[in-house]
>>> print(open('data-v6.cif').read())   # mmCIF, N, CA and C atoms
data_model
loop_
_atom_site.label_atom_id
_atom_site.label_comp_id
_atom_site.auth_asym_id
_atom_site.auth_seq_id
_atom_site.Cartn_x
_atom_site.Cartn_y
_atom_site.Cartn_z
N HIS A 22 -6.68 -17.85 -17.90
CA HIS A 22 -6.91 -19.26 -18.18
C HIS A 22 -7.51 -19.87 -16.92
N VAL A 23 -8.71 -20.41 -17.04
CA VAL A 23 -9.44 -20.91 -15.87
C VAL A 23 -9.64 -22.42 -16.00
N LYS A 24 -9.56 -23.10 -14.86
CA LYS A 24 -9.69 -24.56 -14.85
C LYS A 24 -10.43 -24.98 -13.58
N GLN A 25 -11.26 -26.01 -13.74
CA GLN A 25 -11.94 -26.62 -12.59
C GLN A 25 -12.13 -28.09 -12.90
N VAL A 26 -11.88 -28.94 -11.93
CA VAL A 26 -12.09 -30.37 -12.08
C VAL A 26 -13.47 -30.70 -11.53
N ILE A 27 -14.26 -31.40 -12.31
CA ILE A 27 -15.61 -31.80 -11.89
C ILE A 27 -15.64 -33.31 -11.74
N HIS A 28 -16.06 -33.78 -10.58
CA HIS A 28 -16.13 -35.21 -10.31
C HIS A 28 -17.36 -35.81 -10.99
N VAL A 29 -17.12 -36.78 -11.86
CA VAL A 29 -18.22 -37.45 -12.56
C VAL A 29 -18.03 -38.96 -12.40
N MET A 30 -18.17 -39.44 -11.17
CA MET A 30 -18.14 -40.85 -10.80
C MET A 30 -16.76 -41.52 -10.88
N ALA A 31 -16.05 -41.41 -11.98
CA ALA A 31 -14.74 -42.07 -12.10
C ALA A 31 -13.66 -41.15 -11.53
N GLN A 32 -12.83 -41.69 -10.67
CA GLN A 32 -11.78 -40.88 -10.07
C GLN A 32 -10.51 -40.98 -10.91
N LYS A 33 -10.59 -40.40 -12.11
CA LYS A 33 -9.42 -40.40 -12.98
C LYS A 33 -9.43 -39.13 -13.83
N GLY A 34 -8.26 -38.73 -14.25
CA GLY A 34 -8.12 -37.56 -15.10
C GLY A 34 -8.04 -36.24 -14.37
N TRP A 35 -8.24 -36.23 -13.08
CA TRP A 35 -8.23 -34.96 -12.34
C TRP A 35 -6.84 -34.31 -12.32
N ASP A 36 -5.80 -35.07 -12.58
CA ASP A 36 -4.43 -34.54 -12.57
C ASP A 36 -3.89 -34.29 -13.98
N ARG A 37 -4.76 -34.34 -14.96
CA ARG A 37 -4.36 -34.18 -16.35
C ARG A 37 -4.04 -32.72 -16.67
N ARG A 38 -2.97 -32.51 -17.43
CA ARG A 38 -2.65 -31.17 -17.93
C ARG A 38 -3.51 -30.89 -19.15
N THR A 39 -3.92 -29.64 -19.30
CA THR A 39 -4.80 -29.28 -20.41
C THR A 39 -4.05 -28.60 -21.55
N GLY A 40 -2.81 -28.19 -21.32
CA GLY A 40 -2.04 -27.52 -22.36
C GLY A 40 -2.28 -26.02 -22.44
N GLN A 41 -2.95 -25.44 -21.44
CA GLN A 41 -3.12 -23.99 -21.41
C GLN A 41 -1.74 -23.34 -21.30
N VAL A 42 -1.61 -22.11 -21.75
CA VAL A 42 -0.33 -21.41 -21.69
C VAL A 42 0.17 -21.35 -20.25
N ILE A 43 -0.73 -21.03 -19.33
CA ILE A 43 -0.42 -21.05 -17.91
C ILE A 43 -1.51 -21.87 -17.23
N GLU A 44 -1.10 -22.79 -16.38
CA GLU A 44 -2.11 -23.63 -15.71
C GLU A 44 -1.60 -24.17 -14.38
N ILE A 45 -2.56 -24.54 -13.55
CA ILE A 45 -2.28 -25.20 -12.28
C ILE A 45 -2.81 -26.62 -12.39
N VAL A 46 -1.94 -27.57 -12.09
CA VAL A 46 -2.31 -28.98 -12.13
C VAL A 46 -2.36 -29.51 -10.69
N PRO A 47 -3.51 -30.03 -10.26
CA PRO A 47 -3.58 -30.56 -8.89
C PRO A 47 -2.75 -31.84 -8.77
N LEU A 48 -2.09 -31.99 -7.64
CA LEU A 48 -1.31 -33.20 -7.38
C LEU A 48 -2.01 -34.13 -6.41
N ILE A 49 -3.08 -33.66 -5.79
CA ILE A 49 -3.95 -34.51 -5.01
C ILE A 49 -5.39 -34.21 -5.42
N ARG A 50 -6.24 -35.22 -5.38
CA ARG A 50 -7.60 -35.11 -5.90
C ARG A 50 -8.31 -33.86 -5.36
N PRO A 51 -8.77 -32.96 -6.24
CA PRO A 51 -9.32 -31.68 -5.82
C PRO A 51 -10.83 -31.65 -5.62
N TYR A 52 -11.42 -32.69 -5.16
CA TYR A 52 -12.86 -32.71 -4.86
C TYR A 52 -13.11 -33.70 -3.74
N GLY A 53 -14.28 -33.55 -3.09
CA GLY A 53 -14.58 -34.38 -1.92
C GLY A 53 -13.70 -34.02 -0.75
N ILE A 54 -13.46 -32.72 -0.58
CA ILE A 54 -12.55 -32.27 0.47
C ILE A 54 -13.30 -31.47 1.53
N GLU A 55 -12.72 -31.43 2.71
CA GLU A 55 -13.31 -30.74 3.86
C GLU A 55 -12.36 -29.64 4.34
N PRO A 56 -12.83 -28.74 5.22
CA PRO A 56 -11.96 -27.70 5.76
C PRO A 56 -10.70 -28.31 6.39
N GLY A 57 -9.58 -27.64 6.18
CA GLY A 57 -8.30 -28.12 6.68
C GLY A 57 -7.54 -28.92 5.65
N PHE A 58 -8.17 -29.20 4.52
CA PHE A 58 -7.54 -29.92 3.43
C PHE A 58 -6.38 -29.09 2.89
N VAL A 59 -5.28 -29.74 2.59
CA VAL A 59 -4.13 -29.04 2.03
C VAL A 59 -4.13 -29.26 0.52
N PHE A 60 -4.30 -28.17 -0.22
CA PHE A 60 -4.23 -28.24 -1.68
C PHE A 60 -2.76 -28.27 -2.08
N VAL A 61 -2.41 -29.20 -2.94
CA VAL A 61 -1.06 -29.28 -3.50
C VAL A 61 -1.22 -29.30 -5.00
N GLY A 62 -0.54 -28.40 -5.67
CA GLY A 62 -0.60 -28.33 -7.12
C GLY A 62 0.75 -27.90 -7.69
N GLN A 63 0.81 -27.89 -9.01
CA GLN A 63 2.02 -27.49 -9.69
C GLN A 63 1.65 -26.49 -10.78
N ALA A 64 2.36 -25.36 -10.83
CA ALA A 64 2.11 -24.32 -11.82
C ALA A 64 3.04 -24.51 -13.01
N PHE A 65 2.46 -24.31 -14.20
CA PHE A 65 3.23 -24.43 -15.44
C PHE A 65 3.03 -23.20 -16.30
N LEU A 66 4.08 -22.78 -16.98
CA LEU A 66 4.02 -21.73 -17.99
C LEU A 66 4.64 -22.30 -19.26
N GLU A 67 3.85 -22.37 -20.30
CA GLU A 67 4.26 -22.97 -21.58
C GLU A 67 4.84 -24.37 -21.38
N GLY A 68 4.19 -25.14 -20.50
CA GLY A 68 4.57 -26.53 -20.29
C GLY A 68 5.75 -26.76 -19.36
N LYS A 69 6.34 -25.68 -18.84
CA LYS A 69 7.50 -25.82 -17.96
C LYS A 69 7.11 -25.36 -16.55
N PRO A 70 7.63 -26.03 -15.51
CA PRO A 70 7.32 -25.63 -14.14
C PRO A 70 7.64 -24.15 -13.92
N LEU A 71 6.76 -23.47 -13.21
CA LEU A 71 6.86 -22.03 -12.98
C LEU A 71 7.27 -21.77 -11.53
N GLU A 72 8.55 -21.49 -11.31
CA GLU A 72 9.07 -21.26 -9.96
C GLU A 72 9.06 -19.77 -9.61
N GLY A 73 8.82 -19.46 -8.35
CA GLY A 73 8.92 -18.09 -7.86
C GLY A 73 7.82 -17.15 -8.33
N ALA A 74 6.72 -17.70 -8.84
CA ALA A 74 5.62 -16.87 -9.33
C ALA A 74 4.66 -16.52 -8.19
N THR A 75 3.98 -15.41 -8.33
CA THR A 75 3.00 -15.00 -7.33
C THR A 75 1.77 -15.89 -7.37
N VAL A 76 1.34 -16.31 -6.19
CA VAL A 76 0.12 -17.12 -6.04
C VAL A 76 -0.82 -16.33 -5.13
N GLU A 77 -2.08 -16.20 -5.57
CA GLU A 77 -3.10 -15.58 -4.74
C GLU A 77 -4.19 -16.61 -4.48
N VAL A 78 -4.65 -16.67 -3.24
CA VAL A 78 -5.71 -17.59 -2.86
C VAL A 78 -6.83 -16.77 -2.25
N GLU A 79 -8.04 -16.93 -2.80
CA GLU A 79 -9.19 -16.18 -2.28
C GLU A 79 -10.40 -17.09 -2.15
N LYS A 80 -11.18 -16.83 -1.11
CA LYS A 80 -12.46 -17.50 -0.95
C LYS A 80 -13.53 -16.61 -1.59
N TYR A 81 -14.48 -17.22 -2.27
CA TYR A 81 -15.60 -16.49 -2.86
C TYR A 81 -16.59 -16.14 -1.76
N TRP A 82 -16.98 -14.88 -1.69
CA TRP A 82 -17.90 -14.38 -0.66
C TRP A 82 -19.19 -13.93 -1.33
N PRO A 83 -20.14 -14.84 -1.58
CA PRO A 83 -21.34 -14.48 -2.35
C PRO A 83 -22.36 -13.64 -1.59
N LYS A 84 -22.35 -13.66 -0.26
CA LYS A 84 -23.40 -13.00 0.51
C LYS A 84 -22.96 -11.68 1.14
N ALA A 85 -21.78 -11.21 0.82
CA ALA A 85 -21.30 -9.97 1.42
C ALA A 85 -21.90 -8.78 0.68
N ALA A 86 -23.02 -8.30 1.18
CA ALA A 86 -23.71 -7.18 0.53
C ALA A 86 -23.02 -5.85 0.81
N ARG A 87 -22.36 -5.78 1.96
CA ARG A 87 -21.68 -4.54 2.33
C ARG A 87 -20.20 -4.82 2.58
N GLU A 88 -19.38 -3.85 2.25
CA GLU A 88 -17.94 -4.01 2.42
C GLU A 88 -17.58 -4.33 3.87
N GLU A 89 -18.29 -3.74 4.82
CA GLU A 89 -17.96 -3.98 6.24
C GLU A 89 -18.28 -5.42 6.68
N ASP A 90 -19.05 -6.16 5.87
CA ASP A 90 -19.34 -7.57 6.18
C ASP A 90 -18.20 -8.51 5.78
N LEU A 91 -17.26 -8.00 4.99
CA LEU A 91 -16.13 -8.81 4.53
C LEU A 91 -15.03 -8.83 5.58
N PRO A 92 -14.23 -9.90 5.59
CA PRO A 92 -13.09 -9.92 6.50
C PRO A 92 -12.04 -8.89 6.04
N ASP A 93 -11.03 -8.68 6.86
CA ASP A 93 -9.93 -7.79 6.53
C ASP A 93 -9.28 -8.21 5.20
N GLU A 94 -8.79 -7.25 4.43
CA GLU A 94 -8.19 -7.52 3.11
C GLU A 94 -7.13 -8.62 3.17
N ALA A 95 -6.34 -8.66 4.24
CA ALA A 95 -5.30 -9.69 4.36
C ALA A 95 -5.90 -11.10 4.42
N MET A 96 -7.18 -11.19 4.83
CA MET A 96 -7.83 -12.49 4.88
C MET A 96 -8.60 -12.80 3.60
N ILE A 97 -8.76 -11.82 2.74
CA ILE A 97 -9.46 -12.05 1.47
C ILE A 97 -8.47 -12.53 0.42
N THR A 98 -7.43 -11.77 0.18
CA THR A 98 -6.41 -12.18 -0.79
C THR A 98 -5.18 -12.61 -0.02
N ARG A 99 -4.95 -13.91 -0.02
CA ARG A 99 -3.78 -14.47 0.66
C ARG A 99 -2.72 -14.73 -0.40
N THR A 100 -1.52 -14.27 -0.16
CA THR A 100 -0.48 -14.29 -1.18
C THR A 100 0.67 -15.19 -0.78
N ALA A 101 1.20 -15.89 -1.78
CA ALA A 101 2.35 -16.78 -1.58
C ALA A 101 3.17 -16.79 -2.88
N LYS A 102 4.16 -17.64 -2.95
CA LYS A 102 4.97 -17.83 -4.15
C LYS A 102 5.03 -19.32 -4.47
N THR A 103 5.19 -19.63 -5.74
CA THR A 103 5.41 -21.03 -6.10
C THR A 103 6.81 -21.42 -5.65
N GLY A 104 6.94 -22.67 -5.25
CA GLY A 104 8.22 -23.17 -4.79
C GLY A 104 8.99 -23.85 -5.91
N PRO A 105 10.00 -24.61 -5.53
CA PRO A 105 10.78 -25.34 -6.53
C PRO A 105 9.86 -26.20 -7.40
N ASN A 106 10.15 -26.23 -8.66
CA ASN A 106 9.39 -27.02 -9.64
C ASN A 106 7.94 -26.55 -9.77
N GLY A 107 7.66 -25.29 -9.38
CA GLY A 107 6.32 -24.73 -9.52
C GLY A 107 5.33 -25.19 -8.47
N LEU A 108 5.81 -25.73 -7.37
CA LEU A 108 4.94 -26.31 -6.35
C LEU A 108 4.10 -25.24 -5.64
N ILE A 109 2.81 -25.55 -5.46
CA ILE A 109 1.88 -24.71 -4.70
C ILE A 109 1.31 -25.57 -3.58
N ILE A 110 1.40 -25.06 -2.34
CA ILE A 110 0.83 -25.76 -1.18
C ILE A 110 0.05 -24.73 -0.38
N TYR A 111 -1.24 -25.04 -0.12
CA TYR A 111 -2.05 -24.10 0.63
C TYR A 111 -3.16 -24.84 1.36
N THR A 112 -3.40 -24.47 2.63
CA THR A 112 -4.48 -25.07 3.41
C THR A 112 -5.76 -24.28 3.19
N LEU A 113 -6.81 -24.97 2.75
CA LEU A 113 -8.13 -24.36 2.56
C LEU A 113 -8.90 -24.58 3.85
N ASP A 114 -9.05 -23.51 4.62
CA ASP A 114 -9.47 -23.65 6.01
C ASP A 114 -10.96 -23.53 6.31
N GLU A 115 -11.79 -23.28 5.30
CA GLU A 115 -13.23 -23.23 5.58
C GLU A 115 -14.03 -23.61 4.34
N PRO A 116 -15.29 -24.01 4.55
CA PRO A 116 -16.13 -24.44 3.42
C PRO A 116 -16.39 -23.29 2.44
N GLY A 117 -16.63 -23.66 1.20
CA GLY A 117 -16.97 -22.69 0.17
C GLY A 117 -16.13 -22.87 -1.08
N TRP A 118 -16.34 -21.96 -2.01
CA TRP A 118 -15.57 -21.96 -3.25
C TRP A 118 -14.30 -21.15 -3.05
N TRP A 119 -13.18 -21.70 -3.53
CA TRP A 119 -11.88 -21.04 -3.45
C TRP A 119 -11.30 -20.96 -4.85
N VAL A 120 -10.54 -19.91 -5.09
CA VAL A 120 -9.80 -19.80 -6.35
C VAL A 120 -8.32 -19.65 -6.00
N ILE A 121 -7.51 -20.42 -6.70
CA ILE A 121 -6.06 -20.34 -6.55
C ILE A 121 -5.54 -19.80 -7.88
N CYS A 122 -4.78 -18.73 -7.83
CA CYS A 122 -4.36 -18.04 -9.04
C CYS A 122 -2.85 -17.89 -9.06
N VAL A 123 -2.24 -18.21 -10.18
CA VAL A 123 -0.81 -18.00 -10.36
C VAL A 123 -0.64 -16.99 -11.49
N SER A 124 0.31 -16.06 -11.33
CA SER A 124 0.52 -14.99 -12.31
C SER A 124 1.96 -14.99 -12.79
N ALA A 125 2.15 -14.58 -14.05
CA ALA A 125 3.49 -14.48 -14.60
C ALA A 125 3.51 -13.47 -15.75
N GLU A 126 4.62 -12.78 -15.90
CA GLU A 126 4.78 -11.93 -17.08
C GLU A 126 4.97 -12.83 -18.29
N HIS A 127 4.30 -12.44 -19.38
CA HIS A 127 4.37 -13.26 -20.59
C HIS A 127 4.11 -12.37 -21.80
N GLY A 128 5.18 -11.97 -22.44
CA GLY A 128 5.05 -11.13 -23.62
C GLY A 128 4.92 -9.66 -23.26
N GLU A 129 4.59 -8.87 -24.29
CA GLU A 129 4.43 -7.44 -24.09
C GLU A 129 3.39 -6.90 -25.06
N MET A 130 2.96 -5.67 -24.78
CA MET A 130 1.98 -5.00 -25.61
C MET A 130 2.48 -3.59 -25.88
N LYS A 131 2.26 -3.11 -27.08
CA LYS A 131 2.66 -1.75 -27.41
C LYS A 131 1.44 -0.84 -27.35
N HIS A 132 1.67 0.34 -26.78
CA HIS A 132 0.62 1.35 -26.69
C HIS A 132 1.29 2.72 -26.82
N ASN A 133 0.82 3.50 -27.78
CA ASN A 133 1.40 4.82 -28.04
C ASN A 133 2.91 4.78 -28.19
N GLY A 134 3.39 3.76 -28.88
CA GLY A 134 4.82 3.64 -29.16
C GLY A 134 5.66 3.10 -28.02
N LYS A 135 5.05 2.78 -26.89
CA LYS A 135 5.79 2.22 -25.75
C LYS A 135 5.43 0.75 -25.58
N SER A 136 6.38 -0.03 -25.09
CA SER A 136 6.13 -1.45 -24.79
C SER A 136 5.85 -1.62 -23.32
N TYR A 137 4.85 -2.46 -23.02
CA TYR A 137 4.47 -2.75 -21.64
C TYR A 137 4.42 -4.26 -21.45
N PRO A 138 4.92 -4.75 -20.30
CA PRO A 138 4.84 -6.19 -20.08
C PRO A 138 3.40 -6.64 -19.86
N LEU A 139 3.07 -7.82 -20.34
CA LEU A 139 1.75 -8.41 -20.12
C LEU A 139 1.86 -9.45 -19.01
N GLU A 140 0.84 -9.50 -18.18
CA GLU A 140 0.76 -10.51 -17.13
C GLU A 140 -0.39 -11.45 -17.48
N ILE A 141 -0.12 -12.75 -17.41
CA ILE A 141 -1.18 -13.72 -17.60
C ILE A 141 -1.42 -14.44 -16.28
N ARG A 142 -2.63 -14.97 -16.16
CA ARG A 142 -3.00 -15.62 -14.91
C ARG A 142 -3.65 -16.96 -15.19
N GLY A 143 -3.30 -17.93 -14.38
CA GLY A 143 -3.93 -19.24 -14.42
C GLY A 143 -4.72 -19.43 -13.14
N LEU A 144 -6.01 -19.73 -13.27
CA LEU A 144 -6.87 -19.88 -12.09
C LEU A 144 -7.37 -21.31 -11.97
N PHE A 145 -7.45 -21.77 -10.74
CA PHE A 145 -7.96 -23.11 -10.46
C PHE A 145 -9.03 -22.97 -9.39
N TRP A 146 -10.27 -23.32 -9.72
CA TRP A 146 -11.38 -23.26 -8.77
C TRP A 146 -11.52 -24.60 -8.06
N ILE A 147 -11.79 -24.52 -6.75
CA ILE A 147 -11.92 -25.73 -5.95
C ILE A 147 -12.99 -25.50 -4.89
N HIS A 148 -13.80 -26.53 -4.62
CA HIS A 148 -14.86 -26.39 -3.62
C HIS A 148 -14.51 -27.20 -2.38
N VAL A 149 -14.69 -26.57 -1.22
CA VAL A 149 -14.49 -27.23 0.07
C VAL A 149 -15.87 -27.47 0.67
N GLU A 150 -16.17 -28.73 0.95
CA GLU A 150 -17.47 -29.13 1.49
C GLU A 150 -17.59 -28.79 2.97
N GLU A 151 -18.81 -28.81 3.48
CA GLU A 151 -19.02 -28.73 4.93
C GLU A 151 -18.38 -29.98 5.54
N PRO A 152 -17.94 -29.92 6.80
CA PRO A 152 -17.34 -31.10 7.42
C PRO A 152 -18.29 -32.30 7.39
N PHE A 153 -17.75 -33.46 7.09
CA PHE A 153 -18.53 -34.69 7.06
C PHE A 153 -18.65 -35.20 8.49
N THR A 154 -19.89 -35.29 9.01
CA THR A 154 -20.07 -35.66 10.41
C THR A 154 -20.78 -37.00 10.61
N GLN A 155 -21.27 -37.58 9.52
CA GLN A 155 -21.98 -38.86 9.65
C GLN A 155 -21.01 -39.96 10.07
N LYS A 156 -21.52 -40.86 10.91
CA LYS A 156 -20.70 -42.01 11.29
C LYS A 156 -20.94 -43.13 10.30
N ILE A 157 -19.86 -43.75 9.88
CA ILE A 157 -19.96 -44.88 8.96
C ILE A 157 -20.02 -46.15 9.79
N ARG A 158 -21.02 -46.98 9.49
CA ARG A 158 -21.20 -48.21 10.26
C ARG A 158 -20.47 -49.36 9.64
#
>>> encode(input="data-v6.cif", output="structure tokens")
Amino acid sequence: HVKQVIHVMAQKGWDRRTGQVIEIVPLIRPYGIEPGFVFVGQAFLEGKPLEGATVEVEKYWPKAAREEDLPDEAMITRTAKTGPNGLIIYTLDEPGWWVICVSAEHGEMKHNGKSYPLEIRGLFWIHVEEPFTQKIR
């Protein structure tokens, strides 16, 4: 389940829940942000806060043609857990596109007579702008 908030002039609705089975709802406006911005969101599973779930945060690397051009794996997939009431807090430290993903077991699937747990994921895409350097008069 993927979600992204797009700014279209009016600063409203960015915190709205969509009713997806699993979703991340931003608690602070998720656009017009610069490096060092702290993303705060809340994870939900079937409309209820999702505590203790795995959270992965990754920056999109569009120009990495070779594996050796990428940072160390620990810097690509950063892992955390949701806190009380499904709270997610993470500092987005550089410009670019970021994805915040929360995962949870939800249901099962049968294969060759065996049952296996299913994992679902809720993704939230967010863009971090280059630092704003213009002086306002």
>>> resolve_selection(input="data-v6.cif", expression="the PyMOL selection byres (((chain A and resi 62 and name CA) around 9) and name CA)", output="list of chain:residue names")
A:Ile45, A:Val46, A:Pro47, A:Leu48, A:Ile49, A:Phe60, A:Val61, A:Gln63, A:Ala64, A:Gly107, A:Leu108, A:Ile109, A:Ile110, A:Tyr111
>>> residues_around(input="data-v6.cif", residues="Trp35 of chain A", least_positions_apart="6", cutoff="6.5 Å", atoms="only N, CA and C atoms", output="JSON, numbers by chain")
{"A": [26, 47, 50, 51]}
>>> atom_distance(input="data-v6.cif", atom1="atom C of Gly53 of chain A", atom2="atom N of Leu66 of chain A")
26.6 Å
>>> residues_around(input="data-v6.cif", residues="Glu55 of chain A", least_positions_apart="2", cutoff="10 Å", atoms="only C-alpha atoms", output="list in words")
Tyr52, Gly53, Gly57, Phe58, Val59, Leu113, Asp114, Glu115, Pro116, Gly117, His148, Val149, Glu150, Glu151, Pro152 and Phe153 of chain A
>>> resolve_selection(input="data-v6.cif", expression="the PyMOL selection byres ((chain A and resi 97-104) around 6.5)", output="compact mmCIF listing (two decimals) with N, CA and C atoms, keeping the file's coordinate frame")
# COMPACT_ATOMS: atom_id res chain seq x y z
N LEU A 71 6.76 -23.47 -13.21
CA LEU A 71 6.86 -22.03 -12.98
C LEU A 71 7.27 -21.77 -11.53
N GLU A 72 8.55 -21.49 -11.31
CA GLU A 72 9.07 -21.26 -9.96
C GLU A 72 9.06 -19.77 -9.61
N GLY A 73 8.82 -19.46 -8.35
CA GLY A 73 8.92 -18.09 -7.86
C GLY A 73 7.82 -17.15 -8.33
N ALA A 74 6.72 -17.70 -8.84
CA ALA A 74 5.62 -16.87 -9.33
C ALA A 74 4.66 -16.52 -8.19
N THR A 75 3.98 -15.41 -8.33
CA THR A 75 3.00 -15.00 -7.33
C THR A 75 1.77 -15.89 -7.37
N VAL A 76 1.34 -16.31 -6.19
CA VAL A 76 0.12 -17.12 -6.04
C VAL A 76 -0.82 -16.33 -5.13
N GLU A 77 -2.08 -16.20 -5.57
CA GLU A 77 -3.10 -15.58 -4.74
C GLU A 77 -4.19 -16.61 -4.48
N VAL A 78 -4.65 -16.67 -3.24
CA VAL A 78 -5.71 -17.59 -2.86
C VAL A 78 -6.83 -16.77 -2.25
N GLU A 79 -8.04 -16.93 -2.80
CA GLU A 79 -9.19 -16.18 -2.28
C GLU A 79 -10.40 -17.09 -2.15
N LYS A 80 -11.18 -16.83 -1.11
CA LYS A 80 -12.46 -17.50 -0.95
C LYS A 80 -13.53 -16.61 -1.59
N PRO A 92 -14.23 -9.90 5.59
CA PRO A 92 -13.09 -9.92 6.50
C PRO A 92 -12.04 -8.89 6.04
N ASP A 93 -11.03 -8.68 6.86
CA ASP A 93 -9.93 -7.79 6.53
C ASP A 93 -9.28 -8.21 5.20
N GLU A 94 -8.79 -7.25 4.43
CA GLU A 94 -8.19 -7.52 3.11
C GLU A 94 -7.13 -8.62 3.17
N ALA A 95 -6.34 -8.66 4.24
CA ALA A 95 -5.30 -9.69 4.36
C ALA A 95 -5.90 -11.10 4.42
N MET A 96 -7.18 -11.19 4.83
CA MET A 96 -7.83 -12.49 4.88
C MET A 96 -8.60 -12.80 3.60
N PRO A 105 10.00 -24.61 -5.53
CA PRO A 105 10.78 -25.34 -6.53
C PRO A 105 9.86 -26.20 -7.40
N ASN A 106 10.15 -26.23 -8.66
CA ASN A 106 9.39 -27.02 -9.64
C ASN A 106 7.94 -26.55 -9.77
N GLY A 107 7.66 -25.29 -9.38
CA GLY A 107 6.32 -24.73 -9.52
C GLY A 107 5.33 -25.19 -8.47
N LEU A 108 5.81 -25.73 -7.37
CA LEU A 108 4.94 -26.31 -6.35
C LEU A 108 4.10 -25.24 -5.64
N ILE A 109 2.81 -25.55 -5.46
CA ILE A 109 1.88 -24.71 -4.70
C ILE A 109 1.31 -25.57 -3.58
>>> atom_distance(input="data-v6.cif", atom1="atom CA of Gly34 of chain A", atom2="atom CA of Ile141 of chain A")
25.0 Å
>>> select_by_dssp(input="data-v6.cif", residues="chain A", states="strand (DSSP E or B)", output="PyMOL selection string")
chain A and resi 23-25+29+31+43-47+54+58-66+69-70+75-80+99-102+108-113+117-132+135-149
>>> residues_around(input="data-v6.cif", residues="Leu144 of chain A", least_positions_apart="3", cutoff="7 Å", atoms="only N, CA and C atoms", output="ChimeraX atom specification")
/A:22-25,43-45,120-123
>>> axis_aligned_box(input="data-v6.cif", around="segment 135-146 of chain A", padding_each_side="8 Å", output="lines of an AutoDock Vina configuration file")
center_x = -2.6
center_y = -10.9
center_z = -17.5
size_x = 33.9
size_y = 43.4
size_z = 34.8
>>> residues_around(input="data-v6.cif", residues="Glu126 of chain A", least_positions_apart="2", cutoff="10 Å", atoms="only C-alpha atoms", output="list in words")
Leu66, Ala74, Ser124, Gly128, Glu129, Pro138, Leu139, Glu140, Ile141 and Arg142 of chain A
>>> atom_distance(input="data-v6.cif", atom1="atom CA of Pro70 of chain A", atom2="atom CA of Tyr137 of chain A")
24.2 Å
>>> select_by_dssp(input="data-v6.cif", residues="segment 60-153 of chain A", states="alpha helix (DSSP H)", output="number ranges by chain")
A: 94-97
>>> build_atoms(input="data-v6.cif", residues="segment 72-76 of chain A", atoms="all heavy atoms", output="short mmCIF file (atom, residue, chain, number, x, y, z; two decimals), in the coordinates of the input")
data_model
loop_
_atom_site.label_atom_id
_atom_site.label_comp_id
_atom_site.auth_asym_id
_atom_site.auth_seq_id
_atom_site.Cartn_x
_atom_site.Cartn_y
_atom_site.Cartn_z
N GLU A 72 8.55 -21.49 -11.31
CA GLU A 72 9.07 -21.26 -9.96
C GLU A 72 9.06 -19.77 -9.61
O GLU A 72 9.26 -18.94 -10.48
CB GLU A 72 10.51 -21.78 -9.84
CG GLU A 72 10.62 -23.27 -9.99
CD GLU A 72 12.05 -23.78 -9.80
OE1 GLU A 72 12.87 -23.07 -9.20
OE2 GLU A 72 12.32 -24.90 -10.26
N GLY A 73 8.82 -19.46 -8.35
CA GLY A 73 8.92 -18.09 -7.86
C GLY A 73 7.82 -17.15 -8.33
O GLY A 73 7.94 -15.94 -8.21
N ALA A 74 6.72 -17.70 -8.84
CA ALA A 74 5.62 -16.87 -9.33
C ALA A 74 4.66 -16.52 -8.19
O ALA A 74 4.54 -17.25 -7.21
CB ALA A 74 4.85 -17.61 -10.44
N THR A 75 3.98 -15.41 -8.33
CA THR A 75 3.00 -15.00 -7.33
C THR A 75 1.77 -15.89 -7.37
O THR A 75 1.24 -16.19 -8.43
CB THR A 75 2.58 -13.53 -7.57
OG1 THR A 75 3.73 -12.69 -7.46
CG2 THR A 75 1.52 -13.08 -6.57
N VAL A 76 1.34 -16.31 -6.19
CA VAL A 76 0.12 -17.12 -6.04
C VAL A 76 -0.82 -16.33 -5.13
O VAL A 76 -0.42 -15.85 -4.07
CB VAL A 76 0.42 -18.49 -5.39
CG1 VAL A 76 -0.87 -19.28 -5.16
CG2 VAL A 76 1.40 -19.28 -6.24
#
